[in-house]
$ cat coords.cif   # mmCIF, C-alpha atoms, pLDDT in the B column; chains and numbers go by the auth columns
data_data
#
loop_
_atom_site.group_PDB
_atom_site.id
_atom_site.type_symbol
_atom_site.label_atom_id
_atom_site.label_comp_id
_atom_site.label_asym_id
_atom_site.label_seq_id
_atom_site.Cartn_x
_atom_site.Cartn_y
_atom_site.Cartn_z
_atom_site.B_iso_or_equiv
_atom_site.auth_seq_id
_atom_site.auth_asym_id
ATOM 1 C CA MET A 1 -6.305 -14.153 11.226 67.00 1 A
ATOM 2 C CA GLU A 2 -6.318 -11.738 14.149 86.00 2 A
ATOM 3 C CA PRO A 3 -4.908 -8.185 13.967 94.00 3 A
ATOM 4 C CA HIS A 4 -1.165 -7.680 14.409 94.00 4 A
ATOM 5 C CA ASP A 5 1.216 -4.732 14.531 97.00 5 A
ATOM 6 C CA TYR A 6 4.603 -4.958 12.830 97.00 6 A
ATOM 7 C CA ILE A 7 7.725 -2.836 12.498 97.00 7 A
ATOM 8 C CA VAL A 8 9.490 -2.836 9.129 98.00 8 A
ATOM 9 C CA THR A 9 13.012 -3.896 10.126 98.00 9 A
ATOM 10 C CA LYS A 10 14.625 -4.564 6.751 98.00 10 A
ATOM 11 C CA ILE A 11 14.024 -4.065 3.038 98.00 11 A
ATOM 12 C CA GLU A 12 16.040 -6.098 0.539 97.00 12 A
ATOM 13 C CA GLY A 13 15.142 -5.717 -3.119 95.00 13 A
ATOM 14 C CA GLU A 14 11.450 -6.458 -3.532 96.00 14 A
ATOM 15 C CA TYR A 15 10.953 -7.930 -0.053 98.00 15 A
ATOM 16 C CA ALA A 16 10.542 -6.581 3.468 98.00 16 A
ATOM 17 C CA THR A 17 11.127 -8.164 6.841 98.00 17 A
ATOM 18 C CA LEU A 18 8.448 -7.300 9.387 98.00 18 A
ATOM 19 C CA THR A 19 8.839 -7.920 13.119 98.00 19 A
ATOM 20 C CA ASP A 20 5.732 -8.544 15.218 97.00 20 A
ATOM 21 C CA THR A 21 5.674 -5.961 18.029 96.00 21 A
ATOM 22 C CA ASP A 22 4.191 -8.450 20.528 95.00 22 A
ATOM 23 C CA THR A 23 6.053 -11.686 19.858 96.00 23 A
ATOM 24 C CA GLY A 24 9.197 -10.630 17.980 96.00 24 A
ATOM 25 C CA ASP A 25 8.397 -13.137 15.221 96.00 25 A
ATOM 26 C CA GLU A 26 9.677 -12.144 11.784 97.00 26 A
ATOM 27 C CA LEU A 27 7.670 -12.191 8.571 95.00 27 A
ATOM 28 C CA PHE A 28 9.248 -12.030 5.080 97.00 28 A
ATOM 29 C CA ILE A 29 6.804 -10.432 2.628 97.00 29 A
ATOM 30 C CA ALA A 30 6.781 -8.979 -0.893 97.00 30 A
ATOM 31 C CA LEU A 31 6.728 -5.165 -0.939 96.00 31 A
ATOM 32 C CA PHE A 32 3.861 -5.062 -3.432 96.00 32 A
ATOM 33 C CA LEU A 33 1.583 -6.410 -0.665 96.00 33 A
ATOM 34 C CA LEU A 34 2.417 -3.451 1.591 97.00 34 A
ATOM 35 C CA PRO A 35 1.151 0.150 1.374 96.00 35 A
ATOM 36 C CA GLU A 36 2.930 2.475 -1.048 95.00 36 A
ATOM 37 C CA GLY A 37 5.697 4.390 0.696 94.00 37 A
ATOM 38 C CA THR A 38 6.492 1.663 3.226 96.00 38 A
ATOM 39 C CA ASP A 39 10.021 2.150 4.597 96.00 39 A
ATOM 40 C CA ILE A 40 12.319 0.849 7.331 97.00 40 A
ATOM 41 C CA GLY A 41 11.215 1.847 10.837 96.00 41 A
ATOM 42 C CA MET A 42 7.534 2.288 9.994 97.00 42 A
ATOM 43 C CA THR A 43 4.823 0.582 12.016 97.00 43 A
ATOM 44 C CA LEU A 44 2.199 -1.362 10.080 97.00 44 A
ATOM 45 C CA HIS A 45 -1.143 -2.665 11.309 97.00 45 A
ATOM 46 C CA TYR A 46 -2.474 -5.869 9.725 96.00 46 A
ATOM 47 C CA GLU A 47 -6.191 -6.592 9.829 95.00 47 A
ATOM 48 C CA ASN A 48 -8.751 -8.031 7.375 92.00 48 A
ATOM 49 C CA LEU A 49 -6.005 -9.106 4.935 91.00 49 A
ATOM 50 C CA CYS A 50 -4.708 -5.510 4.617 95.00 50 A
ATOM 51 C CA TYR A 51 -1.664 -3.647 5.900 96.00 51 A
ATOM 52 C CA GLU A 52 -1.957 -0.002 6.912 96.00 52 A
ATOM 53 C CA ILE A 53 0.779 2.446 7.959 96.00 53 A
ATOM 54 C CA THR A 54 0.197 3.532 11.559 93.00 54 A
ATOM 55 C CA GLY A 55 3.509 5.162 12.475 70.00 55 A
ATOM 56 C CA GLU A 56 6.898 6.208 11.190 60.00 56 A
#

$ encode --input "coords.cif" --output "structure tokens"
Amino acid sequence: MEPHDYIVTKIEGEYATLTDTDTGDELFIALFLLPEGTDIGMTLHYENLCYEITGE
């Protein structure tokens, strides 16, 4: 899977909604798969099966 950048747009319980910055597509993902400290409004970079915080 190719690299993508996402913005965390919503957190509900143990899940987050990520919005792709290029396409606007939404992704619903468990928080435990995201970096510790992930919060609404942060930018995440996905590459090599890992998410990394790139902006707040």

$ residues_around --input "coords.cif" --residues "Met42 of chain A" --least-positions-apart "5" --cutoff "9 Å" --atoms "only C-alpha atoms" --output "short mmCIF file (atom, residue, chain, number, x, y, z; two decimals) with C-alpha atoms, keeping the file's coordinate frame"
data_model
loop_
_atom_site.label_atom_id
_atom_site.label_comp_id
_atom_site.auth_asym_id
_atom_site.auth_seq_id
_atom_site.Cartn_x
_atom_site.Cartn_y
_atom_site.Cartn_z
CA TYR A 6 4.60 -4.96 12.83
CA ILE A 7 7.72 -2.84 12.50
CA VAL A 8 9.49 -2.84 9.13
CA THR A 9 13.01 -3.90 10.13
CA ILE A 53 0.78 2.45 7.96
CA THR A 54 0.20 3.53 11.56
CA GLY A 55 3.51 5.16 12.48
CA GLU A 56 6.90 6.21 11.19
#

$ resolve_selection --input "coords.cif" --expression "the PyMOL selection byres ((chain A and resi 35) around 9)" --output "list in words"
Leu31, Phe32, Leu33, Leu34, Glu36, Gly37, Thr38, Leu44, Cys50, Tyr51, Glu52 and Ile53 of chain A

$ closest_residue --input "coords.cif" --among "A:Phe28, A:Tyr15, A:His4, A:Lys10" --to "Glu47 of chain A" --atoms "only C-alpha atoms"
A:His4

$ residues_around --input "coords.cif" --residues "Glu12 of chain A" --least-positions-apart "6" --cutoff "12 Å" --atoms "all atoms listed in the file" --output "list in words"
Leu18, Phe28, Ile29, Ala30, Leu31, Asp39 and Ile40 of chain A

$ atom_distance --input "coords.cif" --atom1 "atom CA of His45 of chain A" --atom2 "atom CA of Pro3 of chain A"
7.2 Å

$ atom_distance --input "coords.cif" --atom1 "atom CA of Asp5 of chain A" --atom2 "atom CA of Gly41 of chain A"
12.5 Å
